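Student: Here you go, query10.csv (CSV, C-alpha atoms):
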chain,number,residue,atom,x,y,z
Z,380,MET,CA,19.5,40.7,62.6
Z,381,ALA,CA,22.4,41.0,60.2
Z,382,THR,CA,22.9,37.4,59.4
Z,383,ALA,CA,20.1,35.7,57.6
Z,384,ASP,CA,18.1,33.2,59.6
Z,385,PRO,CA,17.7,30.1,57.4
Z,386,GLN,CA,14.1,29.6,58.6
Z,387,GLU,CA,13.3,33.2,57.7
Z,388,THR,CA,14.9,32.8,54.2
Z,389,VAL,CA,12.7,29.8,53.6
Z,390,SER,CA,9.6,31.6,54.7
Z,391,VAL,CA,10.4,34.6,52.5
Z,392,LEU,CA,10.9,32.2,49.6
Z,393,VAL,CA,7.6,30.4,50.2
Z,394,ASP,CA,5.6,33.6,51.0
Z,395,ILE,CA,6.9,36.0,48.4
Z,396,VAL,CA,9.0,34.5,45.7
Z,397,LEU,CA,6.8,31.5,44.8
Z,398,PRO,CA,3.4,33.2,44.7
Z,399,ILE,CA,4.4,36.7,43.4
Z,400,VAL,CA,7.9,36.9,42.0
Z,401,LEU,CA,7.9,33.6,40.0
Z,402,PRO,CA,4.7,34.2,38.0
Z,403,LEU,CA,5.8,37.8,37.4
Z,404,VAL,CA,9.1,36.5,36.0
Z,405,LEU,CA,7.3,33.9,33.9
Z,406,VAL,CA,4.9,36.6,32.5
Z,407,VAL,CA,7.8,38.8,31.5
Z,408,LEU,CA,9.8,35.9,30.1
Z,409,GLY,CA,6.7,34.7,28.2
Z,410,PHE,CA,6.0,38.2,26.9
Z,411,ALA,CA,9.6,38.7,25.6
Z,412,ALA,CA,10.2,35.2,24.2
Z,413,GLY,CA,6.6,34.7,22.9
Z,414,ARG,CA,6.6,38.0,21.0
Z,415,LEU,CA,10.0,37.2,19.5
Z,416,ALA,CA,8.8,33.8,18.4
Z,417,GLU,CA,5.5,35.1,17.1
Z,418,ARG,CA,7.2,37.8,15.0
Z,419,ARG,CA,9.7,35.3,13.6
Z,420,HIS,CA,6.9,32.9,12.8
Z,421,LEU,CA,4.8,35.5,11.1
Z,422,ARG,CA,7.7,36.6,8.9
Z,423,SER,CA,8.5,33.0,8.0
Z,424,LEU,CA,4.8,32.4,7.1
Z,425,ALA,CA,4.6,35.4,4.9
Z,426,GLU,CA,7.7,34.4,3.0
Z,427,ARG,CA,6.6,30.8,2.5
Z,428,GLU,CA,3.0,31.7,1.6
Z,429,ALA,CA,4.3,34.0,-1.1
Z,430,ALA,CA,6.4,31.2,-2.7
Z,431,PRO,CA,4.8,29.3,-5.7
Z,432,GLY,CA,3.2,26.0,-5.0
Z,433,PRO,CA,-0.1,24.0,-5.3
Z,434,ALA,CA,-3.1,26.0,-4.3
Z,435,ALA,CA,-5.2,24.7,-1.3
Z,436,THR,CA,-8.9,24.7,-2.0
Z,437,ASN,CA,-11.9,23.2,-0.4
Z,438,LEU,CA,-13.5,22.4,-3.8
Z,439,ARG,CA,-14.9,18.9,-4.1
Z,440,ARG,CA,-15.3,18.7,-7.9
Z,441,LEU,CA,-12.5,18.8,-10.4
Z,442,PRO,CA,-12.3,21.9,-12.6
Z,443,ASP,CA,-14.2,21.3,-15.9
Z,444,GLY,CA,-12.2,19.3,-18.4
Z,445,ALA,CA,-9.4,18.6,-16.0
Z,446,ARG,CA,-7.5,15.4,-16.8
Z,447,VAL,CA,-6.0,13.8,-13.7
Z,448,VAL,CA,-2.6,12.2,-13.8
Z,449,ALA,CA,-2.3,11.3,-10.1
Z,450,SER,CA,-3.8,12.0,-6.7
Z,451,ALA,CA,-2.9,11.3,-3.1
Z,452,LEU,CA,-4.0,12.1,0.4
Z,453,CYS,CA,-1.8,14.8,1.9
Z,454,ILE,CA,-1.5,16.0,5.5
Z,455,GLY,CA,0.1,18.9,7.4
Z,456,ASN,CA,0.2,19.3,11.1
Z,457,VAL,CA,1.6,21.5,13.9
Z,458,VAL,CA,1.5,21.5,17.6
Z,459,ILE,CA,1.6,25.1,18.8
Z,460,ALA,CA,2.0,26.3,22.4
Z,461,SER,CA,0.8,29.5,24.0
Z,462,ASP,CA,3.3,31.4,26.0
Z,463,TYR,CA,2.9,32.3,29.7
Z,464,PHE,CA,2.0,35.9,29.0
Z,465,LYS,CA,-0.8,34.9,26.6
Z,466,THR,CA,-2.1,32.2,28.9
Z,467,PHE,CA,-2.1,34.6,31.9
Z,468,GLY,CA,-3.7,37.4,29.9
Z,469,ALA,CA,-6.4,35.1,28.6
Z,470,SER,CA,-7.2,33.8,32.0
Z,471,LEU,CA,-7.7,37.4,33.2
Z,472,LYS,CA,-9.8,38.2,30.2
Z,473,THR,CA,-12.1,35.3,30.9
Z,474,LEU,CA,-13.2,37.2,34.1
Z,475,VAL,CA,-14.7,40.0,32.0
Z,476,GLY,CA,-15.4,38.1,28.8
Z,477,GLY,CA,-14.9,39.2,25.2
Z,478,ARG,CA,-12.3,38.6,22.5
Z,479,LEU,CA,-9.1,36.8,23.4
Z,480,ARG,CA,-7.0,38.4,20.7
Z,481,THR,CA,-3.7,36.8,21.8
Z,482,LEU,CA,-5.2,33.3,21.4
Z,483,GLU,CA,-6.8,34.2,18.1
Z,484,THR,CA,-3.4,35.0,16.6
Z,485,LEU,CA,-2.0,31.8,18.1
Z,486,LEU,CA,-4.5,29.5,16.4
Z,487,ASP,CA,-4.4,31.6,13.2
Z,488,ARG,CA,-0.6,31.0,13.1
Z,489,GLY,CA,-1.2,27.3,13.7
Z,490,ARG,CA,-3.7,27.0,10.9
Z,491,ARG,CA,-1.5,28.9,8.4
Z,492,GLU,CA,1.4,26.7,9.3
Z,493,ALA,CA,-0.6,23.5,8.9
Z,494,ALA,CA,-2.0,24.6,5.6
Z,495,LEU,CA,1.6,25.5,4.4
Z,496,ARG,CA,2.9,22.1,5.4
Z,497,LEU,CA,0.0,20.5,3.6
Z,498,ARG,CA,0.9,22.4,0.5
Z,499,GLU,CA,4.5,21.5,0.9
Z,500,ASP,CA,3.6,17.8,1.2
Z,501,ALA,CA,1.5,18.2,-2.0
Z,502,ALA,CA,4.4,20.0,-3.8
Z,503,ARG,CA,6.7,17.0,-3.1
Z,504,LEU,CA,4.2,14.9,-5.1
Z,505,GLY,CA,4.3,17.4,-7.9
Z,506,ALA,CA,0.6,18.3,-7.4
Z,507,ASP,CA,-1.1,21.2,-9.0
Z,508,LEU,CA,-3.8,21.8,-6.4
Z,509,VAL,CA,-5.2,20.3,-3.2
Z,510,MET,CA,-8.9,19.7,-3.1
Z,511,ASN,CA,-11.3,19.3,-0.2
Z,512,VAL,CA,-9.0,20.8,2.4
Z,513,ARG,CA,-10.2,20.2,6.0
Z,514,PHE,CA,-8.9,21.7,9.2
Z,515,GLU,CA,-9.0,20.0,12.5
Z,516,THR,CA,-8.0,21.5,15.9
Z,517,SER,CA,-7.6,19.6,19.1
Z,518,ILE,CA,-6.3,20.4,22.5
Z,519,ILE,CA,-3.3,18.2,23.1
Z,520,ARG,CA,-2.4,19.4,26.6
Z,521,SER,CA,-3.2,22.5,28.6
Z,522,ASN,CA,-2.1,25.6,26.6
Z,523,ALA,CA,-1.1,23.7,23.5
Z,524,ALA,CA,-3.2,22.8,20.4
Z,525,GLU,CA,-2.7,20.6,17.4
Z,526,VAL,CA,-3.9,21.9,14.0
Z,527,THR,CA,-4.1,19.4,11.2
Z,528,ALA,CA,-4.9,20.2,7.6
Z,529,TYR,CA,-5.6,17.4,5.1
Z,530,GLY,CA,-6.8,17.2,1.6
Z,531,THR,CA,-6.5,15.4,-1.7
Z,532,ALA,CA,-3.5,16.5,-3.8
Z,533,VAL,CA,-4.2,16.3,-7.5
Z,534,LYS,CA,-1.8,16.4,-10.4
Z,535,LEU,CA,-3.4,17.4,-13.7
Z,536,ALA,CA,-2.2,16.8,-17.2
Z,537,GLY,CA,-0.8,20.1,-18.4
Z,538,GLY,CA,-0.9,21.7,-15.0
Z,539,CYS,CA,-3.7,23.9,-13.6
Z,540,ASP,CA,-4.6,25.5,-17.0
Z,541,GLY,CA,-4.6,22.1,-18.8
G,1053,MET,CA,-3.8,1.7,-2.2
G,1054,LEU,CA,-5.3,5.0,-3.4
G,1055,LEU,CA,-6.5,7.3,-0.7
G,1056,SER,CA,-8.6,10.4,-0.9
G,1057,ASN,CA,-10.8,12.6,1.3
G,1058,LEU,CA,-13.1,13.2,-1.7
G,1059,GLU,CA,-16.1,11.0,-2.4
G,1060,TYR,CA,-14.2,9.6,-5.4
G,1061,ILE,CA,-10.6,9.0,-6.6
G,1062,PRO,CA,-9.9,11.6,-9.2
G,1063,GLY,CA,-9.5,9.9,-12.6
G,1064,TYR,CA,-11.2,6.7,-11.5
G,1065,ARG,CA,-14.7,5.5,-11.2
G,1066,ILE,CA,-16.0,3.4,-8.3
G,1067,ALA,CA,-16.9,-0.2,-9.3
G,1068,GLN,CA,-17.9,-1.5,-5.8
G,1069,HIS,CA,-18.5,-0.2,-2.3
G,1070,LEU,CA,-17.1,-2.4,0.5
G,1071,GLY,CA,-18.2,-0.4,3.6
G,1072,LEU,CA,-16.7,1.6,6.3
G,1073,VAL,CA,-13.1,0.9,7.4
G,1074,SER,CA,-11.2,2.6,10.2
G,1075,GLY,CA,-7.9,2.5,12.0
G,1076,ASN,CA,-6.9,4.0,15.4
G,1077,THR,CA,-4.0,4.3,17.7
G,1078,ILE,CA,-3.5,5.8,21.2
G,1079,ARG,CA,-0.2,7.3,22.0
G,1080,ALA,CA,1.3,8.6,25.2
G,1081,LYS,CA,4.1,11.1,25.4
G,1082,HIS,CA,7.0,10.1,27.6
G,1083,VAL,CA,7.9,12.2,30.6
G,1084,GLY,CA,11.0,13.8,29.0
G,1085,ARG,CA,9.0,15.2,26.1
G,1086,ASP,CA,6.3,16.3,28.5
G,1087,ILE,CA,8.7,18.3,30.6
G,1088,MET,CA,10.1,20.0,27.5
G,1089,ALA,CA,6.5,20.7,26.3
G,1090,GLY,CA,5.8,22.2,29.7
G,1091,LEU,CA,8.7,24.6,29.3
G,1092,LYS,CA,7.5,25.5,25.8
G,1093,THR,CA,4.2,26.6,27.2
G,1094,ILE,CA,6.1,29.4,29.0
G,1095,VAL,CA,8.0,30.8,26.0
G,1096,GLY,CA,5.5,29.8,23.3
G,1097,GLY,CA,6.0,28.4,19.8
G,1098,GLU,CA,5.9,25.0,18.1
G,1099,ILE,CA,6.4,21.8,20.2
G,1100,LYS,CA,8.3,19.9,17.5
G,1101,GLY,CA,8.4,16.6,19.5
G,1102,TYR,CA,4.6,16.5,19.7
G,1103,THR,CA,4.2,17.5,16.0
G,1104,GLU,CA,6.4,14.5,15.0
G,1105,LEU,CA,4.8,12.1,17.5
G,1106,LEU,CA,1.3,12.9,16.4
G,1107,SER,CA,2.2,12.8,12.7
G,1108,GLU,CA,3.8,9.3,13.2
G,1109,ALA,CA,0.8,8.2,15.1
G,1110,ARG,CA,-1.6,9.4,12.4
G,1111,THR,CA,0.4,7.6,9.8
G,1112,GLN,CA,0.0,4.4,11.8
G,1113,ALA,CA,-3.8,4.9,12.1
G,1114,ILE,CA,-4.0,5.4,8.4
G,1115,GLU,CA,-1.9,2.2,7.8
G,1116,ARG,CA,-4.3,0.3,10.0
G,1117,MET,CA,-7.2,1.6,8.1
G,1118,MET,CA,-5.5,0.6,4.8
G,1119,ALA,CA,-4.9,-3.0,6.2
G,1120,ALA,CA,-8.6,-3.3,7.0
G,1121,ALA,CA,-9.5,-2.2,3.5
G,1122,GLN,CA,-7.0,-4.6,2.0
G,1123,GLN,CA,-8.7,-7.5,3.9
G,1124,LEU,CA,-11.9,-6.5,2.2
G,1125,GLY,CA,-10.3,-6.7,-1.2
G,1126,ALA,CA,-10.4,-2.9,-1.8
G,1127,ASN,CA,-7.9,-1.0,-3.8
G,1128,ALA,CA,-8.9,2.5,-2.6
G,1129,ILE,CA,-10.4,4.3,0.3
G,1130,VAL,CA,-12.6,7.4,-0.3
G,1131,ASN,CA,-14.1,10.1,1.9
G,1132,ILE,CA,-11.4,9.7,4.5
G,1133,ARG,CA,-11.8,11.7,7.7
G,1134,LEU,CA,-9.2,12.2,10.4
G,1135,SER,CA,-9.9,12.9,14.1
G,1136,THR,CA,-7.8,13.5,17.2
G,1137,SER,CA,-8.9,13.5,20.8
G,1138,ALA,CA,-7.2,13.7,24.1
G,1139,VAL,CA,-8.5,10.5,25.9
G,1140,MET,CA,-6.7,11.2,29.1
G,1141,ALA,CA,-4.0,13.6,30.4
G,1142,GLY,CA,-0.8,12.8,28.4
G,1143,ALA,CA,-2.4,10.6,25.8
G,1144,ALA,CA,-4.1,11.2,22.5
G,1145,GLU,CA,-6.1,9.0,20.2
G,1146,LEU,CA,-5.6,9.4,16.4
G,1147,PHE,CA,-8.4,8.0,14.3
G,1148,ALA,CA,-8.9,7.6,10.6
G,1149,TYR,CA,-11.9,6.3,8.8
G,1150,GLY,CA,-13.3,6.1,5.3
G,1151,THR,CA,-15.1,4.0,2.8
G,1152,ALA,CA,-13.3,1.0,1.2
G,1153,VAL,CA,-14.0,0.8,-2.5
G,1154,VAL,CA,-12.9,-1.0,-5.6
G,1155,VAL,CA,-12.0,1.6,-8.3
G,1156,GLU,CA,-11.1,1.2,-12.0
G,1157,PRO,CA,-9.7,3.8,-14.3
G,1158,ASP,CA,-12.4,6.0,-15.7
G,1159,PRO,CA,-12.7,5.4,-19.5
G,1160,ALA,CA,-13.7,9.1,-19.9
G,1161,ALA,CA,-10.3,10.2,-18.4
G,1162,PRO,CA,-6.9,9.1,-19.7
G,1163,PRO,CA,-5.4,6.3,-17.7
G,1164,PRO,CA,-2.7,7.5,-15.3
G,1165,PRO,CA,0.9,6.5,-16.2
G,1166,PRO,CA,2.2,3.4,-14.3
G,1167,GLY,CA,4.1,4.3,-11.1
G,1168,ALA,CA,2.4,7.7,-10.8
G,1169,GLN,CA,0.5,6.5,-7.7
G,1170,GLU,CA,1.6,5.9,-4.2
Write out the structure in this file as structure tokens.

Tutor:
Amino acid sequence: MATADPQETVSVLVDIVLPIVLPLVLVVLGFAAGRLAERRHLRSLAEREAAPGPAATNLRRLPDGARVVASALCIGNVVIASDYFKTFGASLKTLVGGRLRTLETLLDRGRREAALRLREDAARLGADLVMNVRFETSIIRSNAAEVTAYGTAVKLAGGCDG
Amino acid sequence: MLLSNLEYIPGYRIAQHLGLVSGNTIRAKHVGRDIMAGLKTIVGGEIKGYTELLSEARTQAIERMMAAAQQLGANAIVNIRLSTSAVMAGAAELFAYGTAVVVEPDPAAPPPPPGAQE
């Protein structure tokens, strides 16, 4: 039949496009867009981490002889989403078990971003270092996690060497 | 009010412990934001709307904790911990807790200049 039967078009849509073509398109889209976003993010992280700023530490005692000028609680957070390719790949990987590398890099990026934002928050207060930094990760919705970093920003008399 | 997640406020000594204080808030995301977030889980990357929402909510939880400490007559909260949990689909609880204390400048350390604190 040359002219498309509307009923047949619908059944093709339901039988082939929805279950097979759509996920395939999403996987390809996720792979391309996700890779691009990840590369851009890693580049931005490397640049900002290299910039001078207060050091993040999980020390709980002040350096010996440190004289404190001011301190404050500082927080950095980020909600980071997985892309469809990573999600799909990870769900396949859970069948055989083992390392989910794509999700490892996702959470690593989230933690680095949260730590950076914490340091940027501390820098706004003119802090020299951040003490007792803690990380917290929580699943906000499926395929997205929030990473929070918090700590006590401390400004010392005469800076870090003082 | 002085806040710290250390067991003390740097440059101060603790004069009195007033007990545990906490503050919480539960926030839901509205549908528009949730749809945008759904799209973000296809292409990946930061969901800025959620980052801001959770950050605002956390600030509110901390403010509630500070109000509780103020009622006890505290001027600082030490050993603060933050926690987040998804209580139901589309809603998250932000929780902050710590120990309310009265602090005074440590004579061993030089007093901080006025206006240096938040």

Student: What residues in chain Z have any atom no more than 8 Å from chain G when counting all atoms listed in the file, and can you write them as a ChimeraX atom specification?

Tutor: /Z:405,408-410,412-413,416-417,439,441,446-452,456-464,510-511,515,517-520,522-523,525,530-531,533

Student: Keeping only C-alpha atoms, write the selected residues to a file as a PDB file, in the frame of the given file.

Tutor:
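And here's selection_6.pdb as it stands now:
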ATOM      1  CA  LEU Z 405       7.300  33.900  33.900  1.00  0.00           C
ATOM      2  CA  LEU Z 408       9.800  35.900  30.100  1.00  0.00           C
ATOM      3  CA  GLY Z 409       6.700  34.700  28.200  1.00  0.00           C
ATOM      4  CA  PHE Z 410       6.000  38.200  26.900  1.00  0.00           C
ATOM      5  CA  ALA Z 412      10.200  35.200  24.200  1.00  0.00           C
ATOM      6  CA  GLY Z 413       6.600  34.700  22.900  1.00  0.00           C
ATOM      7  CA  ALA Z 416       8.800  33.800  18.400  1.00  0.00           C
ATOM      8  CA  GLU Z 417       5.500  35.100  17.100  1.00  0.00           C
ATOM      9  CA  ARG Z 439     -14.900  18.900  -4.100  1.00  0.00           C
ATOM     10  CA  LEU Z 441     -12.500  18.800 -10.400  1.00  0.00           C
ATOM     11  CA  ARG Z 446      -7.500  15.400 -16.800  1.00  0.00           C
ATOM     12  CA  VAL Z 447      -6.000  13.800 -13.700  1.00  0.00           C
ATOM     13  CA  VAL Z 448      -2.600  12.200 -13.800  1.00  0.00           C
ATOM     14  CA  ALA Z 449      -2.300  11.300 -10.100  1.00  0.00           C
ATOM     15  CA  SER Z 450      -3.800  12.000  -6.700  1.00  0.00           C
ATOM     16  CA  ALA Z 451      -2.900  11.300  -3.100  1.00  0.00           C
ATOM     17  CA  LEU Z 452      -4.000  12.100   0.400  1.00  0.00           C
ATOM     18  CA  ASN Z 456       0.200  19.300  11.100  1.00  0.00           C
ATOM     19  CA  VAL Z 457       1.600  21.500  13.900  1.00  0.00           C
ATOM     20  CA  VAL Z 458       1.500  21.500  17.600  1.00  0.00           C
ATOM     21  CA  ILE Z 459       1.600  25.100  18.800  1.00  0.00           C
ATOM     22  CA  ALA Z 460       2.000  26.300  22.400  1.00  0.00           C
ATOM     23  CA  SER Z 461       0.800  29.500  24.000  1.00  0.00           C
ATOM     24  CA  ASP Z 462       3.300  31.400  26.000  1.00  0.00           C
ATOM     25  CA  TYR Z 463       2.900  32.300  29.700  1.00  0.00           C
ATOM     26  CA  PHE Z 464       2.000  35.900  29.000  1.00  0.00           C
ATOM     27  CA  MET Z 510      -8.900  19.700  -3.100  1.00  0.00           C
ATOM     28  CA  ASN Z 511     -11.300  19.300  -0.200  1.00  0.00           C
ATOM     29  CA  GLU Z 515      -9.000  20.000  12.500  1.00  0.00           C
ATOM     30  CA  SER Z 517      -7.600  19.600  19.100  1.00  0.00           C
ATOM     31  CA  ILE Z 518      -6.300  20.400  22.500  1.00  0.00           C
ATOM     32  CA  ILE Z 519      -3.300  18.200  23.100  1.00  0.00           C
ATOM     33  CA  ARG Z 520      -2.400  19.400  26.600  1.00  0.00           C
ATOM     34  CA  ASN Z 522      -2.100  25.600  26.600  1.00  0.00           C
ATOM     35  CA  ALA Z 523      -1.100  23.700  23.500  1.00  0.00           C
ATOM     36  CA  GLU Z 525      -2.700  20.600  17.400  1.00  0.00           C
ATOM     37  CA  GLY Z 530      -6.800  17.200   1.600  1.00  0.00           C
ATOM     38  CA  THR Z 531      -6.500  15.400  -1.700  1.00  0.00           C
ATOM     39  CA  VAL Z 533      -4.200  16.300  -7.500  1.00  0.00           C
TER      40      VAL Z 533
END

Student: Which is closer to G:Arg1065 than all the others in G:Ala1109, G:Val1083, G:Ala1121, G:Val1154, using only C-alpha atoms?

Tutor: G:Val1154

Student: Which residue out of G:Val1073, G:Ile1066, G:Met1088, G:Ala1113 has the minimum interatomic distance to G:Glu1145 when only C-alpha atoms are used?

Tutor: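 Under the stated criterion, the closest residue is G:Ala1113.
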
Student: To one decimal place, how far is atom CA of Z:Ala502 from atom CA of Z:Glu483 in Å?

Tutor: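 It comes out at 28.4 Å.
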
Student: Quick one: distance from atom CA of Z:Val475 to atom CA of Z:Ala411 in Å, one decimal?

Tutor: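 Spanning atom CA of Z:Val475 to atom CA of Z:Ala411 is a straight-line distance of 25.2 Å.
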
Student: Could you give me, as a list in words, the residues within 8 Å of Z:Arg513, counting only C-alpha atoms and dropping anything in the same chain fewer than 6 positions from it?

Tutor: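 That gives Asn437, Ala528, Tyr529 and Gly530 of chain Z.
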
Student: Report, in Å to a single decimal, how far apart atom CA of G:Arg1085 and atom CA of Z:Leu421 are.

Tutor: 25.6 Å

Student: Do a neighbour search on stretch 492-499 of chain Z at 8 Å with all atoms listed in the file, toss out local chain neighbours closer than 6 positions, and write the hits as a PyMOL selection string.

Tutor: chain Z and resi 424+427-428+432-435+453-457+509+526-530

Student: Suppose we keep C-alpha atoms; can you now write the selection as a PDB file, keeping the file's coordinate frame?

Tutor:
ATOM      1  CA  LEU Z 424       4.800  32.400   7.100  1.00  0.00           C
ATOM      2  CA  ARG Z 427       6.600  30.800   2.500  1.00  0.00           C
ATOM      3  CA  GLU Z 428       3.000  31.700   1.600  1.00  0.00           C
ATOM      4  CA  GLY Z 432       3.200  26.000  -5.000  1.00  0.00           C
ATOM      5  CA  PRO Z 433      -0.100  24.000  -5.300  1.00  0.00           C
ATOM      6  CA  ALA Z 434      -3.100  26.000  -4.300  1.00  0.00           C
ATOM      7  CA  ALA Z 435      -5.200  24.700  -1.300  1.00  0.00           C
ATOM      8  CA  CYS Z 453      -1.800  14.800   1.900  1.00  0.00           C
ATOM      9  CA  ILE Z 454      -1.500  16.000   5.500  1.00  0.00           C
ATOM     10  CA  GLY Z 455       0.100  18.900   7.400  1.00  0.00           C
ATOM     11  CA  ASN Z 456       0.200  19.300  11.100  1.00  0.00           C
ATOM     12  CA  VAL Z 457       1.600  21.500  13.900  1.00  0.00           C
ATOM     13  CA  VAL Z 509      -5.200  20.300  -3.200  1.00  0.00           C
ATOM     14  CA  VAL Z 526      -3.900  21.900  14.000  1.00  0.00           C
ATOM     15  CA  THR Z 527      -4.100  19.400  11.200  1.00  0.00           C
ATOM     16  CA  ALA Z 528      -4.900  20.200   7.600  1.00  0.00           C
ATOM     17  CA  TYR Z 529      -5.600  17.400   5.100  1.00  0.00           C
ATOM     18  CA  GLY Z 530      -6.800  17.200   1.600  1.00  0.00           C
TER      19      GLY Z 530
END
